[in-house]
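S.K.: To be precise about what I am sending: the file is called entry.cif and holds mmCIF, N, CA and C atoms.
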```cif
data_structure
#
loop_
_atom_site.label_atom_id
_atom_site.label_comp_id
_atom_site.auth_asym_id
_atom_site.auth_seq_id
_atom_site.Cartn_x
_atom_site.Cartn_y
_atom_site.Cartn_z
N MET A 1 36.11 -90.82 70.27
CA MET A 1 37.46 -90.49 69.88
C MET A 1 38.17 -89.88 71.09
N GLY A 2 39.34 -90.38 71.40
CA GLY A 2 40.09 -89.93 72.56
C GLY A 2 40.80 -88.61 72.32
N ARG A 3 41.25 -88.04 73.39
CA ARG A 3 41.91 -86.74 73.34
C ARG A 3 43.18 -86.78 72.48
N ARG A 4 43.95 -87.81 72.60
CA ARG A 4 45.19 -87.90 71.83
C ARG A 4 44.93 -87.89 70.34
N GLN A 5 43.90 -88.59 69.91
CA GLN A 5 43.60 -88.65 68.49
C GLN A 5 43.17 -87.28 67.97
N ARG A 6 42.45 -86.52 68.74
CA ARG A 6 42.00 -85.21 68.29
C ARG A 6 43.17 -84.24 68.14
N GLN A 7 44.22 -84.43 68.92
CA GLN A 7 45.33 -83.49 68.89
C GLN A 7 46.46 -83.91 67.97
N ARG A 8 46.39 -85.07 67.38
CA ARG A 8 47.50 -85.55 66.55
C ARG A 8 47.77 -84.65 65.36
N GLY A 9 46.75 -84.19 64.68
CA GLY A 9 46.94 -83.39 63.50
C GLY A 9 47.22 -81.93 63.78
N ARG A 10 47.12 -81.53 65.01
CA ARG A 10 47.31 -80.13 65.39
C ARG A 10 48.81 -79.78 65.40
N ALA A 11 49.11 -78.64 64.85
CA ALA A 11 50.50 -78.18 64.84
C ALA A 11 50.91 -77.74 66.24
N ALA A 12 52.16 -77.94 66.54
CA ALA A 12 52.69 -77.50 67.84
C ALA A 12 52.68 -75.98 67.89
N PRO A 13 52.40 -75.40 69.05
CA PRO A 13 52.43 -73.94 69.14
C PRO A 13 53.84 -73.42 68.86
N PRO A 14 53.96 -72.23 68.26
CA PRO A 14 55.28 -71.69 67.97
C PRO A 14 56.07 -71.46 69.25
N HIS A 15 57.38 -71.61 69.15
CA HIS A 15 58.23 -71.46 70.32
C HIS A 15 59.49 -70.69 69.91
N ALA A 16 59.87 -69.76 70.72
CA ALA A 16 61.11 -69.03 70.54
C ALA A 16 61.75 -68.88 71.91
N ALA A 17 63.04 -69.06 71.94
CA ALA A 17 63.76 -69.01 73.22
C ALA A 17 63.71 -67.61 73.81
N PRO A 18 63.57 -67.52 75.13
CA PRO A 18 63.62 -66.21 75.78
C PRO A 18 65.02 -65.61 75.66
N ARG A 19 65.11 -64.30 75.77
CA ARG A 19 66.40 -63.63 75.68
C ARG A 19 66.64 -62.82 76.93
N ALA A 20 67.85 -62.88 77.45
CA ALA A 20 68.23 -62.16 78.66
C ALA A 20 68.94 -60.85 78.29
N TYR A 21 68.58 -59.79 78.98
CA TYR A 21 69.21 -58.48 78.83
C TYR A 21 69.85 -58.12 80.17
N ARG A 22 71.13 -57.73 80.13
CA ARG A 22 71.85 -57.40 81.36
C ARG A 22 72.35 -55.97 81.30
N ASP A 23 72.40 -55.34 82.46
CA ASP A 23 72.96 -54.00 82.52
C ASP A 23 74.26 -54.03 83.33
N ASP A 24 74.90 -52.87 83.47
CA ASP A 24 76.18 -52.78 84.15
C ASP A 24 76.08 -53.00 85.66
N ASP A 25 74.87 -52.86 86.22
CA ASP A 25 74.68 -53.02 87.66
C ASP A 25 74.39 -54.46 88.07
N GLY A 26 74.36 -55.38 87.12
CA GLY A 26 74.10 -56.78 87.44
C GLY A 26 72.63 -57.17 87.39
N ASN A 27 71.78 -56.29 86.87
CA ASN A 27 70.37 -56.61 86.71
C ASN A 27 70.17 -57.41 85.43
N THR A 28 69.25 -58.37 85.48
CA THR A 28 68.96 -59.18 84.31
C THR A 28 67.46 -59.26 84.10
N LEU A 29 67.03 -58.92 82.90
CA LEU A 29 65.63 -59.00 82.51
C LEU A 29 65.52 -60.03 81.41
N VAL A 30 64.68 -61.04 81.60
CA VAL A 30 64.49 -62.09 80.60
C VAL A 30 63.13 -61.88 79.96
N LEU A 31 63.13 -61.79 78.60
CA LEU A 31 61.91 -61.54 77.85
C LEU A 31 61.59 -62.70 76.91
N ARG A 32 60.30 -63.01 76.79
CA ARG A 32 59.83 -64.08 75.89
C ARG A 32 60.15 -63.73 74.44
N GLY A 33 60.28 -64.76 73.65
CA GLY A 33 60.57 -64.56 72.23
C GLY A 33 59.34 -64.67 71.35
N ILE A 34 58.14 -64.71 71.94
CA ILE A 34 56.94 -64.88 71.13
C ILE A 34 55.77 -64.10 71.70
N LEU A 35 54.95 -63.58 70.82
CA LEU A 35 53.68 -62.93 71.17
C LEU A 35 52.62 -63.52 70.25
N THR A 36 51.50 -63.92 70.80
CA THR A 36 50.43 -64.49 69.99
C THR A 36 49.76 -63.39 69.16
N PRO A 37 49.10 -63.78 68.08
CA PRO A 37 48.38 -62.78 67.28
C PRO A 37 47.33 -62.03 68.09
N ALA A 38 46.63 -62.71 68.97
CA ALA A 38 45.62 -62.04 69.80
C ALA A 38 46.26 -61.00 70.72
N THR A 39 47.43 -61.29 71.25
CA THR A 39 48.13 -60.34 72.11
C THR A 39 48.56 -59.12 71.31
N ARG A 40 48.98 -59.33 70.07
CA ARG A 40 49.38 -58.21 69.21
C ARG A 40 48.20 -57.28 68.94
N VAL A 41 47.03 -57.86 68.70
CA VAL A 41 45.83 -57.06 68.47
C VAL A 41 45.47 -56.28 69.74
N SER A 42 45.53 -56.96 70.88
CA SER A 42 45.23 -56.30 72.15
C SER A 42 46.21 -55.16 72.42
N TYR A 43 47.48 -55.39 72.12
CA TYR A 43 48.49 -54.35 72.34
C TYR A 43 48.20 -53.13 71.46
N ALA A 44 47.81 -53.36 70.22
CA ALA A 44 47.50 -52.23 69.33
C ALA A 44 46.36 -51.39 69.89
N ARG A 45 45.34 -52.05 70.46
CA ARG A 45 44.23 -51.31 71.06
C ARG A 45 44.68 -50.52 72.28
N VAL A 46 45.51 -51.14 73.11
CA VAL A 46 46.00 -50.46 74.31
C VAL A 46 46.89 -49.29 73.93
N ALA A 47 47.81 -49.49 73.00
CA ALA A 47 48.74 -48.44 72.60
C ALA A 47 48.02 -47.25 71.97
N SER A 48 46.91 -47.51 71.29
CA SER A 48 46.15 -46.42 70.67
C SER A 48 45.27 -45.69 71.67
N GLY A 49 45.10 -46.27 72.86
CA GLY A 49 44.25 -45.66 73.88
C GLY A 49 42.80 -46.07 73.75
N GLU A 50 42.51 -46.95 72.81
CA GLU A 50 41.14 -47.39 72.55
C GLU A 50 40.49 -48.07 73.75
N ASP A 51 41.27 -48.80 74.55
CA ASP A 51 40.73 -49.53 75.69
C ASP A 51 40.71 -48.74 76.98
N LEU A 52 41.14 -47.49 76.95
CA LEU A 52 41.19 -46.68 78.16
C LEU A 52 39.90 -45.87 78.34
N ALA A 53 39.71 -45.37 79.52
CA ALA A 53 38.55 -44.52 79.82
C ALA A 53 38.60 -43.26 78.96
N PRO A 54 37.46 -42.68 78.64
CA PRO A 54 37.44 -41.46 77.81
C PRO A 54 38.25 -40.30 78.39
N SER A 55 38.39 -40.26 79.71
CA SER A 55 39.13 -39.16 80.33
C SER A 55 40.65 -39.37 80.30
N ALA A 56 41.12 -40.53 79.85
CA ALA A 56 42.55 -40.82 79.82
C ALA A 56 43.23 -39.98 78.72
N ASN A 57 44.47 -39.61 78.98
CA ASN A 57 45.21 -38.85 77.98
C ASN A 57 46.26 -39.73 77.30
N ARG A 58 47.02 -39.15 76.41
CA ARG A 58 48.04 -39.89 75.65
C ARG A 58 49.10 -40.50 76.57
N GLU A 59 49.47 -39.80 77.63
CA GLU A 59 50.46 -40.31 78.59
C GLU A 59 49.94 -41.56 79.28
N ASP A 60 48.64 -41.60 79.62
CA ASP A 60 48.04 -42.79 80.23
C ASP A 60 48.14 -43.98 79.29
N ALA A 61 47.84 -43.74 78.02
CA ALA A 61 47.91 -44.81 77.02
C ALA A 61 49.35 -45.32 76.88
N TRP A 62 50.30 -44.39 76.90
CA TRP A 62 51.71 -44.77 76.76
C TRP A 62 52.17 -45.63 77.95
N GLN A 63 51.80 -45.19 79.17
CA GLN A 63 52.17 -45.96 80.37
C GLN A 63 51.51 -47.33 80.37
N ARG A 64 50.24 -47.39 80.00
CA ARG A 64 49.52 -48.68 79.97
C ARG A 64 50.12 -49.59 78.91
N ALA A 65 50.53 -49.03 77.77
CA ALA A 65 51.15 -49.83 76.72
C ALA A 65 52.47 -50.45 77.21
N LEU A 66 53.24 -49.66 77.95
CA LEU A 66 54.49 -50.16 78.52
C LEU A 66 54.21 -51.32 79.47
N GLU A 67 53.26 -51.14 80.38
CA GLU A 67 52.93 -52.20 81.34
C GLU A 67 52.36 -53.44 80.64
N PHE A 68 51.51 -53.23 79.64
CA PHE A 68 50.92 -54.35 78.91
C PHE A 68 52.01 -55.19 78.25
N LEU A 69 52.92 -54.52 77.54
CA LEU A 69 54.00 -55.24 76.87
C LEU A 69 54.91 -55.94 77.88
N PHE A 70 55.22 -55.25 78.97
CA PHE A 70 56.05 -55.84 80.00
C PHE A 70 55.38 -57.09 80.59
N GLU A 71 54.07 -57.00 80.88
CA GLU A 71 53.34 -58.14 81.43
C GLU A 71 53.40 -59.35 80.51
N ARG A 72 53.27 -59.10 79.21
CA ARG A 72 53.22 -60.21 78.26
C ARG A 72 54.59 -60.80 77.94
N LEU A 73 55.65 -59.99 78.06
CA LEU A 73 56.97 -60.46 77.65
C LEU A 73 57.90 -60.85 78.79
N ALA A 74 57.78 -60.25 79.95
CA ALA A 74 58.72 -60.50 81.04
C ALA A 74 58.57 -61.92 81.59
N VAL A 75 59.68 -62.62 81.65
CA VAL A 75 59.74 -63.96 82.22
C VAL A 75 60.31 -63.88 83.63
N SER A 76 61.39 -63.12 83.78
CA SER A 76 62.00 -62.94 85.10
C SER A 76 62.82 -61.66 85.11
N TRP A 77 63.06 -61.18 86.33
CA TRP A 77 63.86 -59.97 86.53
C TRP A 77 64.66 -60.18 87.80
N SER A 78 65.97 -60.20 87.66
CA SER A 78 66.81 -60.30 88.86
C SER A 78 67.55 -58.98 89.02
N ILE A 79 67.51 -58.48 90.23
CA ILE A 79 68.14 -57.21 90.55
C ILE A 79 69.39 -57.51 91.37
N ALA A 80 70.54 -57.16 90.79
CA ALA A 80 71.84 -57.41 91.42
C ALA A 80 71.95 -58.87 91.86
N ASP A 81 72.19 -59.11 93.14
CA ASP A 81 72.38 -60.48 93.61
C ASP A 81 71.12 -61.09 94.23
N ALA A 82 70.02 -60.39 94.18
CA ALA A 82 68.77 -60.90 94.76
C ALA A 82 68.21 -62.02 93.88
N PRO A 83 67.44 -62.91 94.47
CA PRO A 83 66.82 -63.97 93.66
C PRO A 83 65.90 -63.36 92.60
N ALA A 84 65.81 -64.03 91.47
CA ALA A 84 65.00 -63.54 90.36
C ALA A 84 63.51 -63.52 90.71
N ILE A 85 62.83 -62.50 90.25
CA ILE A 85 61.37 -62.41 90.39
C ILE A 85 60.78 -63.07 89.16
N THR A 86 59.88 -64.03 89.36
CA THR A 86 59.30 -64.74 88.22
C THR A 86 57.78 -64.70 88.18
N ALA A 87 57.13 -64.38 89.28
CA ALA A 87 55.67 -64.33 89.31
C ALA A 87 55.20 -63.06 88.59
N GLN A 88 54.21 -63.19 87.72
CA GLN A 88 53.76 -62.05 86.92
C GLN A 88 53.31 -60.87 87.77
N ARG A 89 52.57 -61.14 88.81
CA ARG A 89 52.08 -60.07 89.67
C ARG A 89 53.25 -59.33 90.33
N GLU A 90 54.25 -60.08 90.76
CA GLU A 90 55.42 -59.47 91.40
C GLU A 90 56.27 -58.70 90.39
N LEU A 91 56.36 -59.22 89.17
CA LEU A 91 57.11 -58.51 88.13
C LEU A 91 56.49 -57.15 87.85
N LEU A 92 55.18 -57.12 87.70
CA LEU A 92 54.50 -55.86 87.43
C LEU A 92 54.62 -54.90 88.61
N ALA A 93 54.50 -55.43 89.83
CA ALA A 93 54.66 -54.59 91.02
C ALA A 93 56.08 -54.00 91.06
N ARG A 94 57.07 -54.79 90.70
CA ARG A 94 58.46 -54.31 90.70
C ARG A 94 58.66 -53.22 89.66
N LEU A 95 58.03 -53.38 88.50
CA LEU A 95 58.13 -52.34 87.48
C LEU A 95 57.51 -51.04 87.98
N ARG A 96 56.40 -51.13 88.66
CA ARG A 96 55.70 -49.94 89.14
C ARG A 96 56.48 -49.18 90.20
N VAL A 97 57.35 -49.86 90.96
CA VAL A 97 58.15 -49.17 91.98
C VAL A 97 59.58 -48.92 91.52
N ALA A 98 59.87 -49.24 90.27
CA ALA A 98 61.22 -49.06 89.75
C ALA A 98 61.59 -47.58 89.69
N SER A 99 62.87 -47.31 89.84
CA SER A 99 63.36 -45.94 89.72
C SER A 99 63.26 -45.50 88.26
N GLN A 100 63.42 -44.19 88.01
CA GLN A 100 63.39 -43.67 86.65
C GLN A 100 64.45 -44.35 85.79
N GLU A 101 65.62 -44.54 86.37
CA GLU A 101 66.72 -45.17 85.64
C GLU A 101 66.38 -46.61 85.28
N GLU A 102 65.81 -47.36 86.22
CA GLU A 102 65.42 -48.75 85.95
C GLU A 102 64.32 -48.82 84.90
N ARG A 103 63.33 -47.94 84.99
CA ARG A 103 62.24 -47.93 84.00
C ARG A 103 62.78 -47.59 82.61
N SER A 104 63.73 -46.69 82.56
CA SER A 104 64.35 -46.33 81.29
C SER A 104 65.07 -47.53 80.69
N TRP A 105 65.79 -48.27 81.53
CA TRP A 105 66.49 -49.47 81.08
C TRP A 105 65.50 -50.52 80.58
N VAL A 106 64.39 -50.71 81.30
CA VAL A 106 63.36 -51.68 80.88
C VAL A 106 62.79 -51.26 79.53
N ARG A 107 62.52 -49.97 79.35
CA ARG A 107 61.99 -49.50 78.06
C ARG A 107 62.99 -49.76 76.94
N ARG A 108 64.27 -49.51 77.19
CA ARG A 108 65.29 -49.77 76.17
C ARG A 108 65.32 -51.26 75.82
N CYS A 109 65.23 -52.12 76.84
CA CYS A 109 65.22 -53.57 76.60
C CYS A 109 64.00 -53.96 75.76
N LEU A 110 62.84 -53.43 76.12
CA LEU A 110 61.62 -53.75 75.37
C LEU A 110 61.71 -53.27 73.92
N ARG A 111 62.24 -52.06 73.72
CA ARG A 111 62.38 -51.54 72.36
C ARG A 111 63.34 -52.40 71.53
N GLU A 112 64.47 -52.75 72.12
CA GLU A 112 65.44 -53.58 71.41
C GLU A 112 64.84 -54.95 71.11
N HIS A 113 64.16 -55.52 72.09
CA HIS A 113 63.56 -56.84 71.93
C HIS A 113 62.49 -56.84 70.83
N CYS A 114 61.63 -55.84 70.86
CA CYS A 114 60.58 -55.75 69.85
C CYS A 114 61.17 -55.52 68.46
N ALA A 115 62.18 -54.67 68.36
CA ALA A 115 62.80 -54.42 67.06
C ALA A 115 63.40 -55.71 66.48
N GLU A 116 63.94 -56.54 67.35
CA GLU A 116 64.56 -57.79 66.91
C GLU A 116 63.54 -58.89 66.62
N HIS A 117 62.56 -59.07 67.52
CA HIS A 117 61.63 -60.20 67.42
C HIS A 117 60.27 -59.84 66.83
N PHE A 118 59.82 -58.61 67.03
CA PHE A 118 58.48 -58.20 66.60
C PHE A 118 58.56 -56.85 65.90
N PRO A 119 59.09 -56.80 64.69
CA PRO A 119 59.26 -55.50 64.03
C PRO A 119 57.96 -54.76 63.75
N ASP A 120 56.82 -55.47 63.81
CA ASP A 120 55.53 -54.82 63.58
C ASP A 120 54.99 -54.11 64.82
N ILE A 121 55.67 -54.26 65.95
CA ILE A 121 55.22 -53.66 67.21
C ILE A 121 56.17 -52.53 67.59
N ALA A 122 55.57 -51.37 67.83
CA ALA A 122 56.36 -50.20 68.27
C ALA A 122 56.27 -50.14 69.80
N ALA A 123 57.35 -50.50 70.45
CA ALA A 123 57.38 -50.45 71.93
C ALA A 123 57.41 -49.01 72.39
N PRO A 124 56.74 -48.72 73.51
CA PRO A 124 56.72 -47.34 74.03
C PRO A 124 58.08 -46.88 74.53
#
```
Give the structure from this file in C-alpha coordinates form.
M.R.:
Amino acid sequence: MGRRQRQRGRAAPPHAAPRAYRDDDGNTLVLRGILTPATRVSYARVASGEDLAPSANREDAWQRALEFLFERLAVSWSIADAPAITAQRELLARLRVASQEERSWVRRCLREHCAEHFPDIAAP
(Lines of atoms letter the chains of each structure in order from A and count residues from 1; the text may use other names and numbers.)
(Lines give C-alpha, C1' and ligand atoms only; values in the text may rest on other atoms or scores of the structure.)
Protein backbone atom coordinates (compact mmCIF):
# COMPACT_ATOMS: atom_id res chain seq x y z
CA MET A 1 0.00 0.00 0.00
CA GLY A 2 1.47 3.35 -1.03
CA ARG A 3 1.89 6.41 1.09
CA ARG A 4 -0.95 8.31 -0.57
CA GLN A 5 -3.45 5.58 0.15
CA ARG A 6 -2.52 5.46 3.84
CA GLN A 7 -3.07 9.20 4.21
CA ARG A 8 -6.34 9.53 2.31
CA GLY A 9 -8.59 8.91 5.28
CA ARG A 10 -6.58 11.10 7.61
CA ALA A 11 -8.08 14.44 8.55
CA ALA A 12 -6.13 17.55 7.68
CA PRO A 13 -4.37 19.13 10.66
CA PRO A 14 -6.26 22.09 12.14
CA HIS A 15 -5.26 25.49 10.80
CA ALA A 16 -5.87 28.99 12.07
CA ALA A 17 -4.49 32.14 10.53
CA PRO A 18 -1.73 33.93 12.44
CA ARG A 19 -2.58 37.29 13.96
CA ALA A 20 -0.40 40.40 13.93
CA TYR A 21 -0.13 42.73 16.93
CA ARG A 22 1.26 46.24 16.40
CA ASP A 23 2.34 48.90 18.85
CA ASP A 24 2.71 52.68 18.52
CA ASP A 25 6.45 52.41 17.82
CA GLY A 26 5.97 50.37 14.63
CA ASN A 27 6.82 46.98 16.13
CA THR A 28 4.84 43.99 14.87
CA LEU A 29 4.56 40.61 16.56
CA VAL A 30 2.86 37.82 14.61
CA LEU A 31 1.46 34.92 16.66
CA ARG A 32 0.16 31.51 15.52
CA GLY A 33 -3.52 30.79 15.84
CA ILE A 34 -3.12 27.18 16.98
CA LEU A 35 -1.52 25.13 19.75
CA THR A 36 -1.52 21.34 19.65
CA PRO A 37 -2.93 19.37 22.58
CA ALA A 38 0.56 18.07 23.42
CA THR A 39 1.89 21.65 23.57
CA ARG A 40 -0.95 22.62 25.91
CA VAL A 41 -0.06 19.77 28.26
CA SER A 42 3.63 20.72 28.14
CA TYR A 43 2.77 24.35 28.86
CA ALA A 44 0.71 23.36 31.91
CA ARG A 45 3.71 21.44 33.29
CA VAL A 46 6.08 24.34 32.63
CA ALA A 47 3.71 26.95 34.10
CA SER A 48 3.26 24.88 37.26
CA GLY A 49 7.03 24.56 37.67
CA GLU A 50 6.82 20.77 37.41
CA ASP A 51 9.54 20.59 34.73
CA LEU A 52 12.00 22.89 36.52
CA ALA A 53 14.84 21.97 38.86
CA PRO A 54 13.87 21.56 42.53
CA SER A 55 15.80 24.72 43.42
CA ALA A 56 13.75 26.87 41.00
CA ASN A 57 11.29 29.34 42.47
CA ARG A 58 7.91 30.64 41.28
CA GLU A 59 9.56 33.51 39.35
CA ASP A 60 11.68 30.98 37.39
CA ALA A 61 8.54 29.06 36.45
CA TRP A 62 6.80 32.28 35.39
CA GLN A 63 9.73 33.36 33.19
CA ARG A 64 10.05 29.89 31.64
CA ALA A 65 6.30 29.81 30.96
CA LEU A 66 6.56 33.14 29.14
CA GLU A 67 9.47 31.90 27.00
CA PHE A 68 7.76 28.56 26.32
CA LEU A 69 4.57 30.22 25.12
CA PHE A 70 6.51 32.76 23.07
CA GLU A 71 8.58 29.98 21.43
CA ARG A 72 5.46 28.06 20.44
CA LEU A 73 3.39 31.01 19.23
CA ALA A 74 5.77 33.59 17.73
CA VAL A 75 5.96 33.50 13.94
CA SER A 76 7.81 36.78 13.38
CA TRP A 77 8.78 40.00 15.13
CA SER A 78 9.67 43.16 13.28
CA ILE A 79 11.11 46.05 15.23
CA ALA A 80 10.39 49.45 13.67
CA ASP A 81 11.75 49.43 10.11
CA ALA A 82 14.17 46.51 10.53
CA PRO A 83 13.53 43.27 8.63
CA ALA A 84 11.32 40.82 10.49
CA ILE A 85 12.94 38.13 12.63
CA THR A 86 11.47 34.74 11.73
CA ALA A 87 13.96 32.11 12.93
CA GLN A 88 12.87 30.58 16.25
CA ARG A 89 16.30 30.78 17.83
CA GLU A 90 16.62 34.45 16.87
CA LEU A 91 13.11 35.24 18.11
CA LEU A 92 13.87 33.79 21.52
CA ALA A 93 17.24 35.57 21.66
CA ARG A 94 15.48 38.86 20.82
CA LEU A 95 12.95 38.31 23.60
CA ARG A 96 15.75 37.68 26.09
CA VAL A 97 17.46 41.00 25.26
CA ALA A 98 14.23 42.98 25.02
CA SER A 99 13.78 46.03 27.21
CA GLN A 100 11.29 45.96 30.10
CA GLU A 101 8.85 47.93 27.97
CA GLU A 102 9.16 45.52 25.03
CA ARG A 103 8.76 42.47 27.29
CA SER A 104 5.69 44.04 28.83
CA TRP A 105 4.21 44.60 25.37
CA VAL A 106 4.98 40.98 24.38
CA ARG A 107 3.25 39.74 27.55
CA ARG A 108 0.19 41.87 26.80
CA CYS A 109 0.10 40.47 23.24
CA LEU A 110 0.38 36.90 24.52
CA ARG A 111 -2.35 37.45 27.12
CA GLU A 112 -4.70 39.00 24.57
CA HIS A 113 -3.93 36.28 22.04
CA CYS A 114 -4.49 33.46 24.52
CA ALA A 115 -7.72 35.01 25.80
CA GLU A 116 -9.01 35.17 22.23
CA HIS A 117 -7.72 31.87 20.80
CA PHE A 118 -6.93 29.66 23.82
CA PRO A 119 -9.21 30.56 26.74
CA ASP A 120 -8.05 27.46 28.63
CA ILE A 121 -4.47 28.79 28.80
CA ALA A 122 -3.49 31.46 31.31
CA ALA A 123 -0.61 33.42 29.77
CA PRO A 124 1.99 34.73 32.25
S.K.: Could you list, with a cut-off of 6.5 Å and counting all atoms listed in the file, the residues of stretch 18-53 of chain A near stretch 78-100 of chain A, each shown with its nearest atom pair and the distance in Å rounded to one decimal, rows sorted by chain and ascending number, as a tab-separated table?
M.R.:
```
residue	atom	partner	partner_atom	distance
A:Asp25	C	A:Ala80	CA	5.1
A:Gly26	C	A:Ala80	N	4.0
A:Asn27	CA	A:Ala80	N	4.1
A:Thr28	C	A:Ser78	N	4.0
A:Leu29	N	A:Ser78	N	5.0
A:Val30	N	A:Ser78	N	6.3
```
S.K.: Would you mind reading off the distance between atom CA of A:Thr36 and atom N of A:Ala16, one decimal, in Å?
M.R.: 10.8 Å
S.K.: Ranking A:Ala65, A:Ala74, A:Gly33, A:Phe118 by minimum distance to A:Ser48 and counting all atoms listed in the file, which one comes first?
M.R.: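 Once distances to A:Ser48 are computed over all atoms listed in the file, the minimum belongs to A:Ala65.
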S.K.: Find the residues around A:Glu116 up to 12 Å (only C-alpha atoms counted), leave out those fewer than 4 positions away in its own chain, and share them as a list in words.
M.R.: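 Final neighbour list, sorted by chain and number: Arg19, Leu31, Arg32, Gly33, Ile34, Cys109, Leu110, Arg111, Glu112, Asp120, Ile121, Ala122 and Ala123 of chain A.
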S.K.: Using the chain letters and numbers from this document, which residues of stretch 61-96 of chain A does DSSP assign to alpha helix (DSSP H), as a list in words?
M.R.: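 Result set for stretch 61-96 of chain A (alpha helix (DSSP H)): Ala61, Trp62, Gln63, Arg64, Ala65, Leu66, Glu67, Phe68, Leu69, Phe70, Glu71, Arg72, Leu73, Gln88, Arg89, Glu90, Leu91, Leu92, Ala93, Arg94, Leu95 and Arg96 of chain A.
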S.K.: By how many Å are atom CA of A:Asp24 and atom CA of A:Glu59 apart?
M.R.: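 If I compute the distance from atom CA of A:Asp24 to atom CA of A:Glu59, I get 29.1 Å.
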S.K.: Between A:Arg58, A:Arg72, A:Arg45, A:Arg40, single out the one closest to A:Pro119, counting only C-alpha atoms.
M.R.: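 Answer, going by the shortest atom-to-atom distance: A:Arg40.
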S.K.: If I take atom C of A:Thr39 and atom N of A:Leu73, how far is one from the other in Å, to one decimal?
M.R.: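 It comes out at 9.8 Å.
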S.K.: Report the residues of chain A whose backbone DSSP state falls under strand (DSSP E), written as a list in words.
M.R.: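 Here are the strand (DSSP E) residues of chain A: Arg19, Ala20, Tyr21, Arg22, Thr28, Leu29, Val30, Leu31, Ala74, Val75, Ser76, Trp77 and Ser78 of chain A.
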S.K.: Env of stretch 41-44 of chain A: 7 Å cut, atoms = only N, CA and C atoms, seq-sep filter 6 positions within chain, self excluded. Answer as an NGL selection string.
M.R.: :A and (50 or 65 or 68-69)
S.K.: Could you give me the axis-aligned bounding box of stretch 23-40 of chain A, with 8 Å of padding per side, as centre plus edge lengths in Å to one decimal, as JSON?
M.R.:
```
{"center_x": 60.9, "center_y": -58.8, "center_z": 77.7, "size_x": 46.6, "size_y": 28.1, "size_z": 36.8}
```
